[in-house]
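A short worksheet on the structure shown next.
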Amino acid sequence: MLNIVLVRPEIPQNTGTIGRLCVSCDVKLHLVKPLGFSLEDKYVRRAGMDYWKFLDLKVYENWEDFARQNPENSNSGRWFFFSTKGTKSYWDERYRDGDYLIFGSESCGLPLEFYDKFRDKLRIIPMKGKFYRSLNLANAASIVLYEALRQQAMPEQGEGLKNNASGIE
């Protein structure tokens, strides 16, 4: 199973949307505090819709707590950080089951010390537009996750979770 990690997310709608994405793709969501909202927030629930109750979610008190429980390159997978400060494209990586796709907050990205500490693990989503700072967090997570799933030859929709007229199976 792949993992999406949000470090200090601030906008409940983005987290709700990413939670819905995780349920739809059978991916675990990790949230690293502080959070800019309550998980009971109506905007998280609205964006996550009825998917939220099926979410495989783990919340950590801080980055050290996350790192202790999910050591890099252990049996649990490798860490990749996504930032506009990366130099290597996310396309250049070969993702494996168990990898952690790590994203920072909407307003300031990853914590400053990450840019030096994890320099060789920073990946960028290339953008060609003239006027950009970064992509929306939920969009960035979707782009990277679907590339990782594509590389792993995601099973046909008939397997696992699927939408139907009566809700989620």
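The way I read the labels, and the way they are meant: chains A, B, ... in the order of the structure tokens, residue 1 as the first residue of every chain, and ligand 1 as the first ligand shown, with later ones counted on from there.
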Would you give me, as CSV, each residue of segment 2-62 of chain A having an atom within 10 Å of an atom of segment 108-121 of chain A, along with its shortest atom pair and that distance in Å to one decimal, using only C-alpha atoms and sorting by chain and residue number?
residue,atom,partner,partner_atom,distance
A:Leu6,CA,A:Leu110,CA,9.3
A:Val7,CA,A:Leu110,CA,6.9
A:Arg8,CA,A:Leu110,CA,8.3
A:Pro9,CA,A:Gly109,CA,9.1
A:Glu10,CA,A:Cys108,CA,10.0
Let's see if you can do this: from backbone DSSP, list all strand (DSSP E or B) residues in segment 34-109 of chain A, as a PyMOL selection string. chain A and resi 57-60+74+77+79-82+88-89+100-103+105+109
Residues near segment 86-89 of chain A, anyone? I mean within 7 Å using only C-alpha atoms, not counting same-chain ones fewer than 6 positions away, as a PyMOL selection string. chain A and resi 122-126
Would you mind telling me which residue in A:His30, A:Arg150, A:Lys42, A:Lys58 lies nearest to Leu101 of chain A when using only C-alpha atoms? A:His30
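Taking atom CA of Leu21 of chain A and atom CA of Asp50 of chain A as the two end points, the separation is 12.1 Å.
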Can you tell me how far atom CA of Gln13 of chain A sits from atom CA of Glu61 of chain A, in Å to one decimal?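 These two atoms are separated by 20.8 Å.
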So that I can see what lies close to Phe37 of chain A, please list as a ChimeraX atom specification the residues with an atom at most 12 Å from it, counting only C-alpha atoms and leaving out residues fewer than 3 positions away in the same chain. /A:8-16,31,33-34,40-45
What are the DSSP helix (DSSP H, G or I) residues of chain A, as an MDAnalysis selection string? chainID A and resid 12:25 42:54 63:69 90:92 112:117 119:121 137:151
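The interatomic distance for the pair atom CA of Ser107 of chain A and atom CA of Ser142 of chain A works out to 18.3 Å.
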Hey, which of A:Cys22, A:Val32, A:Val5, A:Leu39 ends up closest to Asp56 of chain A? Count only C-alpha atoms.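 Looking at the shortest contact to Asp56 of chain A, the residue is A:Cys22.
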Excluding Gly77 of chain A and any residue of its chain fewer than 2 positions from it, enumerate the residues within 10 Å of it, using only C-alpha atoms, and give them as a PyMOL selection string. chain A and resi 1-3+70-75+79-80+95-100
Restricting the output to all heavy atoms, write the selected residues as a CSV table (one decimal), in the first residue's frame.
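Writing done, so here's part-v8.csv:
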chain,number,residue,atom,x,y,z
A,1,MET,N,0.8,-1.2,0.0
A,1,MET,CA,0.0,0.0,0.0
A,1,MET,C,0.9,1.2,0.0
A,1,MET,O,1.8,1.3,0.8
A,1,MET,CB,-0.9,0.0,1.2
A,1,MET,CG,-1.7,1.2,1.4
A,1,MET,SD,-2.7,1.3,2.9
A,1,MET,CE,-3.9,0.1,2.6
A,2,LEU,N,0.6,2.2,-0.8
A,2,LEU,CA,1.2,3.5,-0.8
A,2,LEU,C,0.7,4.3,0.3
A,2,LEU,O,-0.3,4.0,0.9
A,2,LEU,CB,1.0,4.2,-2.1
A,2,LEU,CG,1.7,3.7,-3.3
A,2,LEU,CD1,1.1,4.2,-4.6
A,2,LEU,CD2,3.2,4.0,-3.3
A,3,ASN,N,1.4,5.4,0.7
A,3,ASN,CA,1.1,6.3,1.8
A,3,ASN,C,1.2,7.7,1.3
A,3,ASN,O,2.2,8.1,0.7
A,3,ASN,CB,2.1,6.1,2.9
A,3,ASN,CG,2.1,4.7,3.4
A,3,ASN,OD1,1.3,4.3,4.3
A,3,ASN,ND2,3.0,3.8,2.9
A,70,ASN,N,7.5,5.2,11.5
A,70,ASN,CA,7.6,4.9,10.0
A,70,ASN,C,9.1,5.1,9.6
A,70,ASN,O,9.3,6.0,8.7
A,70,ASN,CB,6.7,5.7,9.2
A,70,ASN,CG,5.3,5.5,9.7
A,70,ASN,OD1,4.6,4.5,9.4
A,70,ASN,ND2,4.8,6.5,10.4
A,71,PRO,N,10.0,4.3,10.1
A,71,PRO,CA,11.4,4.6,9.7
A,71,PRO,C,11.7,4.5,8.2
A,71,PRO,O,11.2,3.5,7.6
A,71,PRO,CB,12.2,3.6,10.5
A,71,PRO,CG,11.2,2.6,11.0
A,71,PRO,CD,9.9,3.2,11.0
A,72,GLU,N,12.4,5.4,7.7
A,72,GLU,CA,12.7,5.4,6.3
A,72,GLU,C,13.5,4.2,5.9
A,72,GLU,O,14.4,3.7,6.6
A,72,GLU,CB,13.5,6.7,5.9
A,72,GLU,CG,13.8,6.8,4.4
A,72,GLU,CD,14.6,8.0,4.1
A,72,GLU,OE1,15.2,8.6,5.0
A,72,GLU,OE2,14.6,8.4,2.9
A,73,ASN,N,13.2,3.7,4.7
A,73,ASN,CA,13.9,2.5,4.1
A,73,ASN,C,13.8,1.2,5.0
A,73,ASN,O,14.6,0.3,4.8
A,73,ASN,CB,15.4,2.8,3.8
A,73,ASN,CG,15.5,3.9,2.7
A,73,ASN,OD1,14.7,3.8,1.8
A,73,ASN,ND2,16.4,4.8,2.8
A,74,SER,N,12.9,1.2,5.9
A,74,SER,CA,12.6,0.0,6.6
A,74,SER,C,11.7,-0.8,5.7
A,74,SER,O,11.5,-0.5,4.6
A,74,SER,CB,12.0,0.3,8.0
A,74,SER,OG,10.7,0.8,7.8
A,75,ASN,N,11.1,-1.8,6.3
A,75,ASN,CA,10.1,-2.6,5.6
A,75,ASN,C,8.9,-1.8,5.2
A,75,ASN,O,8.2,-2.2,4.3
A,75,ASN,CB,9.7,-3.8,6.4
A,75,ASN,CG,10.8,-4.8,6.6
A,75,ASN,OD1,11.7,-4.9,5.8
A,75,ASN,ND2,10.8,-5.6,7.6
A,79,TRP,N,10.9,7.3,1.7
A,79,TRP,CA,10.3,8.6,1.8
A,79,TRP,C,10.6,9.5,0.5
A,79,TRP,O,11.8,9.5,0.1
A,79,TRP,CB,10.8,9.4,3.0
A,79,TRP,CG,10.5,8.8,4.3
A,79,TRP,CD1,9.7,7.8,4.6
A,79,TRP,CD2,11.1,9.2,5.5
A,79,TRP,NE1,9.7,7.6,6.0
A,79,TRP,CE2,10.5,8.4,6.5
A,79,TRP,CE3,12.0,10.2,5.9
A,79,TRP,CZ2,10.9,8.6,7.9
A,79,TRP,CZ3,12.3,10.4,7.2
A,79,TRP,CH2,11.8,9.6,8.2
A,80,PHE,N,9.6,10.2,0.0
A,80,PHE,CA,9.8,11.1,-1.1
A,80,PHE,C,9.1,12.4,-0.7
A,80,PHE,O,7.9,12.4,-0.3
A,80,PHE,CB,9.3,10.6,-2.4
A,80,PHE,CG,10.0,9.4,-2.9
A,80,PHE,CD1,9.5,8.1,-2.7
A,80,PHE,CD2,11.3,9.5,-3.6
A,80,PHE,CE1,10.2,7.0,-3.2
A,80,PHE,CE2,12.0,8.4,-4.0
A,80,PHE,CZ,11.4,7.1,-3.8
A,95,TYR,N,8.5,4.4,-8.2
A,95,TYR,CA,7.8,4.2,-6.9
A,95,TYR,C,7.4,2.7,-6.7
A,95,TYR,O,7.1,2.0,-7.6
A,95,TYR,CB,6.5,5.0,-6.9
A,95,TYR,CG,6.8,6.5,-7.1
A,95,TYR,CD1,6.6,7.1,-8.4
A,95,TYR,CD2,7.3,7.3,-6.1
A,95,TYR,CE1,6.9,8.4,-8.6
A,95,TYR,CE2,7.6,8.6,-6.3
A,95,TYR,CZ,7.4,9.2,-7.6
A,95,TYR,OH,7.7,10.5,-7.8
A,96,ARG,N,7.5,2.3,-5.4
A,96,ARG,CA,7.2,1.0,-5.0
A,96,ARG,C,6.1,0.9,-4.0
A,96,ARG,O,5.9,1.9,-3.3
A,96,ARG,CB,8.4,0.3,-4.4
A,96,ARG,CG,9.6,0.3,-5.4
A,96,ARG,CD,10.8,-0.5,-4.8
A,96,ARG,NE,11.2,-0.1,-3.5
A,96,ARG,CZ,12.5,0.2,-3.1
A,96,ARG,NH1,13.4,0.1,-4.0
A,96,ARG,NH2,12.8,0.5,-1.9
A,97,ASP,N,5.5,-0.2,-3.8
A,97,ASP,CA,4.5,-0.4,-2.8
A,97,ASP,C,5.1,-0.1,-1.5
A,97,ASP,O,6.3,-0.5,-1.2
A,97,ASP,CB,4.0,-1.8,-2.8
A,97,ASP,CG,2.8,-2.0,-2.0
A,97,ASP,OD1,1.9,-1.2,-2.0
A,97,ASP,OD2,2.7,-3.1,-1.3
A,98,GLY,N,4.4,0.6,-0.6
A,98,GLY,CA,5.0,1.0,0.7
A,98,GLY,C,5.6,2.3,0.8
A,98,GLY,O,5.9,2.8,1.9
A,99,ASP,N,5.9,3.0,-0.4
A,99,ASP,CA,6.5,4.3,-0.4
A,99,ASP,C,5.6,5.3,0.3
A,99,ASP,O,4.4,5.2,0.3
A,99,ASP,CB,6.9,4.7,-1.8
A,99,ASP,CG,8.1,4.0,-2.3
A,99,ASP,OD1,8.8,3.4,-1.6
A,99,ASP,OD2,8.3,4.1,-3.5
A,100,TYR,N,6.3,6.4,0.8
A,100,TYR,CA,5.6,7.5,1.5
A,100,TYR,C,5.8,8.7,0.6
A,100,TYR,O,6.9,9.2,0.3
A,100,TYR,CB,6.2,7.8,2.8
A,100,TYR,CG,5.9,6.7,3.8
A,100,TYR,CD1,6.7,5.5,3.9
A,100,TYR,CD2,4.8,6.8,4.7
A,100,TYR,CE1,6.4,4.5,4.8
A,100,TYR,CE2,4.6,5.8,5.6
A,100,TYR,CZ,5.3,4.7,5.7
A,100,TYR,OH,5.0,3.7,6.6
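Between Phe81 of chain A and the residues A:Cys25, A:Ile4, A:Ile143, A:Asp65, the shortest atom-to-atom distance, using only C-alpha atoms, involves A:Ile4.
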Among the residues A:Ser105, A:Ser38, A:Gln69, A:Ser134, the one that comes closest to Lys85 of chain A [using only C-alpha atoms]: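 Using only C-alpha atoms, the shortest distance to Lys85 of chain A belongs to A:Ser134.
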